[in-house]
Structure formats: C-alpha cells, structure tokens
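**Student:** This structure is in structure tokens; I'll ask about it shortly.
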Amino acid sequence: MHGRFDKDYLIFHRFMECPDDSALFDGFAQLAKGLAHPKRLELLDVLAQGERSVDGLASAAGLQISTASALLQTLYRSGLVERRKDGARVLYRLAGDDVAALLTLLRSVAQRRVAGVELARRTLLDRDDAPVIEVGRAELLDRARSGALFVLDVRPAEEFAAGHIPGARSIPVAELDARLEEIPPDADVIAYCRGEFCVMSHDAVELLRRHGRHAAVLSQGMLEWRAAGQPVATAA
C-alpha cells in the first residue's frame, strides 16, 4: 500500500510541475480568431491571389477602406498576413503557403461538416443546362506540357499580374465576350479563377460553350495552386 501511495504521489507531483499550457492554446485561439469572420476569410481569399493594397482589398471585398484596414489589422496580429510599406501605401500578402493550405483545409472540412455549405456551393456553381466539366491539376499540367491546351485566367487583371499559372492567358470574365477572337476557335480551353468555389471560371466556361467552344473548369483555382507549392508566374 505504501508503494502505491508513493507512485501516485510521484505522478501527481510531476503533473503539478508541468508548465502551464494556456499560452500554447492562447496562441492557437489567436490564429483562429483571425479566421472567425466571413469578410476576413474573403480578404484572405483575395490575398491568396497575390499582394494587394488596402484600397484594392477594400474594393475587391466591397468594404469601406477603414473597415478593411481594421479587419487586416486582426489578420496581421493573428499571424496570417504580412505587410510592407510602398511609399504611402501599405501592401498586404499571405504570410506563407501554409496559410493558403489552411484555407483549403478549412473549406474542405466546412463542406463536409457544416450543414448548408455543400448546398450553397451547388447553388453557386451548378448550371441548369449541362454540368460543367472539371479538370484536375495533374491533367492540366500534363496537357499543358504537350501544348494542346489554352489555359485561361479569368480573374481581374491585377490578380493575374500578382500571380498566375505559368503560361496562362489573362482575359477577365467581364471582358471575355468582347475578346473571344483572342482564343483560337479549335483550342481546348481550361479556365480557372480564385479557388474551388469561385464562380468566375464557371461563368466563363458557360459563355464559351454558348459560342461553340470546347471548355472546362480547373477543379481548383489559384488558392489551391499556391497551397500545393506549384510555381507561380508574375507579370511586370
């Protein structure tokens, strides 16, 4: 009995000597706080496309500059973004590809675990006439190497300039109808935009198909491309 008491006392003593882990969990919570706001997530989605100014981010997310600045401050304190001065402007960017990977994981878990997310995705992306064909990243890389593919970036021009898939051509979806002649009529087109849930590439493919073009959507966009550590090209 005495031996059992000594053993239990030793375990209790070692437990009491363990350092407090609250600081560790506080750090986790600080990062999670940066994610716990829909507009902060939207700003991260835009920043996954490349470095942007505060006013550019505000415009992309439909926010007042003061509101965008406050949201970005929280993201910065959470360690999710970095910033630098460029003259009078402050430019923000994702803190690293691991943040892009975290965003893709967050979306994946939410799609599987949160009621309504998958329905919202289908409502946003599905088309009434015919399902949009999706192509994976591996297939895109294989076909692009053979030269048998027209990779179309339909994001805004400033996002293309900040970072795009090497070899892609930039035609923003809002300009696509007027610039169809820039795409060879017999080309197989794969369109991509910001991420897996981005509607712009689906709108582009729908327009191309109405004009009799062969087109498909890259199943994952620039967010997932960065998260996978794939090469990114920039425009001068």
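Within each chain, counting starts at residue 1; across the structure tokens, chains are named A, B, ... in the order shown, with ligands numbered 1 upward in that order.
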Run DSSP on the backbone and give me the residues of region 16-56 of chain A it puts in alpha helix (DSSP H), as number ranges by chain.
**Tutor:** A: 16-17, 22-35, 38-47, 54-56
**Student:** Could you pull the residues within 6 Å of region 200-208 of chain A, counting only C-alpha atoms, minus those fewer than 4 positions along the same chain, as a ChimeraX atom specification?
**Tutor:** /A:173,191-193,213,215
**Student:** Would you mind telling me which residue in A:Leu105, A:Ala233, A:Ala168, A:Ile190 lies nearest to Glu139 (chain A) when using only C-alpha atoms?
**Tutor:**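 Answer, going by the shortest atom-to-atom distance: A:Ile190.
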**Student:** Which residue gives the smallest distance to Ala88 (chain A) among A:Ala235, A:Val54, A:Ala100, A:Val109, with only C-alpha atoms counted?
**Tutor:**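 When distances to Ala88 (chain A) are compared using only C-alpha atoms, the smallest one comes from A:Val54.
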**Student:** Skipping near chain neighbours, those fewer than 6 positions away, what residues fall within 10 Å of region 19-30 of chain A using only C-alpha atoms, listed as a PyMOL selection string?
**Tutor:** chain A and resi 74-75+77-79
**Student:** Could you save those same residues with N, CA and C atoms as a short mmCIF file (atom, residue, chain, number, x, y, z; two decimals), in the first residue's frame?
**Tutor:**
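This is the output file selection34.cif:
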data_model
loop_
_atom_site.label_atom_id
_atom_site.label_comp_id
_atom_site.auth_asym_id
_atom_site.auth_seq_id
_atom_site.Cartn_x
_atom_site.Cartn_y
_atom_site.Cartn_z
N THR A 74 -6.45 42.74 -37.66
CA THR A 74 -6.69 41.50 -36.92
C THR A 74 -5.97 40.33 -37.58
N LEU A 75 -6.02 40.25 -38.91
CA LEU A 75 -5.31 39.19 -39.63
C LEU A 75 -3.81 39.28 -39.40
N ARG A 77 -2.28 40.64 -36.70
CA ARG A 77 -1.99 40.24 -35.32
C ARG A 77 -2.12 38.73 -35.14
N SER A 78 -2.94 38.10 -35.96
CA SER A 78 -3.11 36.65 -35.88
C SER A 78 -1.99 35.89 -36.57
N GLY A 79 -1.13 36.61 -37.28
CA GLY A 79 -0.01 35.96 -37.97
C GLY A 79 -0.36 35.37 -39.32
#
**Student:** Report, in Å with one decimal, the straight-line distance from CA of Pro131 (chain A) to CA of Ala216 (chain A).
**Tutor:**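 Result for CA of Pro131 (chain A) versus CA of Ala216 (chain A): 10.1 Å, one decimal.
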**Student:** Please report, as a ChimeraX atom specification, each residue of chain A to which DSSP assigns strand (DSSP E) when run on this structure's backbone.
**Tutor:** /A:52-53,81-86,89-94,134-135,150-153,169-170,188-192,214-218
**Student:** Could those residues be written to a file, using C-alpha atoms, as a CSV table (one decimal), in the first residue's frame?
**Tutor:**
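out_19.csv written:
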chain,number,residue,atom,x,y,z
A,52,ARG,CA,-2.6,43.9,-52.7
A,53,SER,CA,-3.0,47.3,-51.2
A,81,VAL,CA,-0.8,38.0,-43.2
A,82,GLU,CA,2.3,40.1,-43.6
A,83,ARG,CA,2.6,43.8,-44.7
A,84,ARG,CA,5.1,46.2,-46.1
A,85,LYS,CA,5.3,49.9,-47.0
A,86,ASP,CA,5.4,51.0,-50.6
A,89,ARG,CA,0.7,52.7,-49.4
A,90,VAL,CA,0.6,49.6,-47.2
A,91,LEU,CA,0.7,46.3,-49.1
A,92,TYR,CA,-0.6,43.0,-47.6
A,93,ARG,CA,0.2,39.4,-48.6
A,94,LEU,CA,-0.4,36.0,-47.1
A,134,GLU,CA,-13.9,19.8,-64.3
A,135,VAL,CA,-10.2,19.0,-64.9
A,150,PHE,CA,-5.3,27.1,-73.7
A,151,VAL,CA,-5.1,27.9,-70.0
A,152,LEU,CA,-7.4,30.9,-69.4
A,153,ASP,CA,-7.2,33.1,-66.3
A,169,ARG,CA,-3.5,34.0,-70.7
A,170,SER,CA,-5.4,36.7,-68.9
A,188,ASP,CA,-9.3,23.2,-75.8
A,189,VAL,CA,-9.7,25.8,-73.0
A,190,ILE,CA,-9.3,25.2,-69.3
A,191,ALA,CA,-10.5,28.3,-67.2
A,192,TYR,CA,-9.6,29.0,-63.7
A,214,HIS,CA,-14.6,23.4,-76.0
A,215,ALA,CA,-14.0,24.5,-72.4
A,216,ALA,CA,-13.7,23.0,-69.0
A,217,VAL,CA,-13.0,24.4,-65.5
A,218,LEU,CA,-9.9,23.7,-63.4
**Student:** Excluding region 117-128 of chain A and any residue of its chain fewer than 3 positions from it, enumerate the residues within 7 Å of it, using only C-alpha atoms, and give them as a PyMOL selection string.
**Tutor:** chain A and resi 110-111+114+131+197+199+202
**Student:** I need the residue nearest Arg107 (chain A) from this list: A:Trp225, A:Leu41, A:Arg155, A:Gln230. Use only C-alpha atoms for the distance.
**Tutor:**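 Using only C-alpha atoms, Arg107 (chain A) sits closest to A:Leu41.
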**Student:** Tell me, as a list in words, which residues lie within 7 Å of Ala162 (chain A), counting only C-alpha atoms; anything in the same chain fewer than 4 positions away does not count.
**Tutor:**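 In the requested form, the answer reads Gln49, Gly50, Glu51, Glu158, Thr234 and Ala235 of chain A.
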**Student:** Next, write the just-selected residues to a file, as a compact mmCIF listing (two decimals), in the first residue's frame, keeping N, CA and C atoms as the atom set.
**Tutor:**
# COMPACT_ATOMS: atom_id res chain seq x y z
N GLN A 49 -4.44 35.42 -54.07
CA GLN A 49 -4.16 35.70 -55.49
C GLN A 49 -2.87 36.50 -55.65
N GLY A 50 -2.41 37.15 -54.58
CA GLY A 50 -1.19 37.94 -54.65
C GLY A 50 -1.28 39.16 -53.75
N GLU A 51 -0.19 39.87 -53.65
CA GLU A 51 -0.09 41.05 -52.79
C GLU A 51 -1.04 42.15 -53.27
N GLU A 158 -5.41 42.71 -62.26
CA GLU A 158 -4.42 42.94 -61.21
C GLU A 158 -4.10 41.66 -60.44
N THR A 234 4.52 35.90 -62.41
CA THR A 234 4.01 37.25 -62.21
C THR A 234 4.22 38.06 -63.48
N ALA A 235 3.41 39.10 -63.63
CA ALA A 235 3.52 39.98 -64.80
C ALA A 235 4.12 41.30 -64.38
**Student:** Using Å and a single decimal, report how far CA of Gln220 (chain A) sits from CA of Ala157 (chain A).
**Tutor:**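 Value for the CA of Ala157 (chain A)-CA of Gln220 (chain A) distance: 19.0 Å.
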**Student:** Env of Glu224 (chain A): 7 Å cut, atoms = only C-alpha atoms, seq-sep filter 3 positions within chain, self excluded. Answer as a list in words.
**Tutor:** Thr104, Gly195, Gln220, Gly221, Ala227 and Ala228 of chain A
**Student:** When you count only C-alpha atoms, which of these residues is closest to Phe160 (chain A): A:Pro38, A:Gly87, A:Pro185, A:Pro172?
**Tutor:**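 Looking at the shortest contact to Phe160 (chain A), the residue is A:Pro172.
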**Student:** Tell me, as a PDB file with N, CA and C atoms, in the first residue's frame, which residues lie within 12 Å of His37 (chain A), counting only C-alpha atoms; anything in the same chain fewer than 5 positions away does not count.
**Tutor:**
ATOM      1  N   LEU A  31      -4.805  32.703 -33.585  1.00  0.00           N
ATOM      2  CA  LEU A  31      -4.856  32.434 -35.023  1.00  0.00           C
ATOM      3  C   LEU A  31      -6.293  32.153 -35.466  1.00  0.00           C
ATOM      4  N   ALA A  32      -7.014  31.355 -34.677  1.00  0.00           N
ATOM      5  CA  ALA A  32      -8.393  31.028 -35.031  1.00  0.00           C
ATOM      6  C   ALA A  32      -9.270  32.276 -35.068  1.00  0.00           C
ATOM      7  N   GLU A  42     -12.787  36.305 -46.693  1.00  0.00           N
ATOM      8  CA  GLU A  42     -12.836  36.804 -48.067  1.00  0.00           C
ATOM      9  C   GLU A  42     -11.560  37.571 -48.416  1.00  0.00           C
ATOM     10  N   LEU A  43     -11.068  38.362 -47.478  1.00  0.00           N
ATOM     11  CA  LEU A  43      -9.812  39.087 -47.708  1.00  0.00           C
ATOM     12  C   LEU A  43      -8.651  38.116 -47.893  1.00  0.00           C
ATOM     13  N   LEU A  44      -8.619  37.049 -47.104  1.00  0.00           N
ATOM     14  CA  LEU A  44      -7.576  36.042 -47.280  1.00  0.00           C
ATOM     15  C   LEU A  44      -7.692  35.374 -48.648  1.00  0.00           C
ATOM     16  N   LEU A  71     -10.019  44.997 -40.328  1.00  0.00           N
ATOM     17  CA  LEU A  71     -10.015  43.545 -40.497  1.00  0.00           C
ATOM     18  C   LEU A  71      -8.606  43.035 -40.789  1.00  0.00           C
ATOM     19  N   LEU A  72      -7.863  43.781 -41.578  1.00  0.00           N
ATOM     20  CA  LEU A  72      -6.493  43.392 -41.907  1.00  0.00           C
ATOM     21  C   LEU A  72      -5.581  43.468 -40.683  1.00  0.00           C
ATOM     22  N   THR A  74      -6.449  42.735 -37.659  1.00  0.00           N
ATOM     23  CA  THR A  74      -6.688  41.496 -36.920  1.00  0.00           C
ATOM     24  C   THR A  74      -5.970  40.326 -37.581  1.00  0.00           C
ATOM     25  N   LEU A  75      -6.017  40.249 -38.913  1.00  0.00           N
ATOM     26  CA  LEU A  75      -5.314  39.193 -39.629  1.00  0.00           C
ATOM     27  C   LEU A  75      -3.806  39.280 -39.398  1.00  0.00           C
TER      28      LEU A  75
END
**Student:** Name the closest residue to His164 (chain A) among the candidates A:Leu63, A:Ala36, A:Val232, A:Ala95; distances are taken between atoms, counting only C-alpha atoms.
**Tutor:**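 Nearest candidate to His164 (chain A) out of A:Leu63, A:Ala36, A:Val232, A:Ala95: A:Val232.
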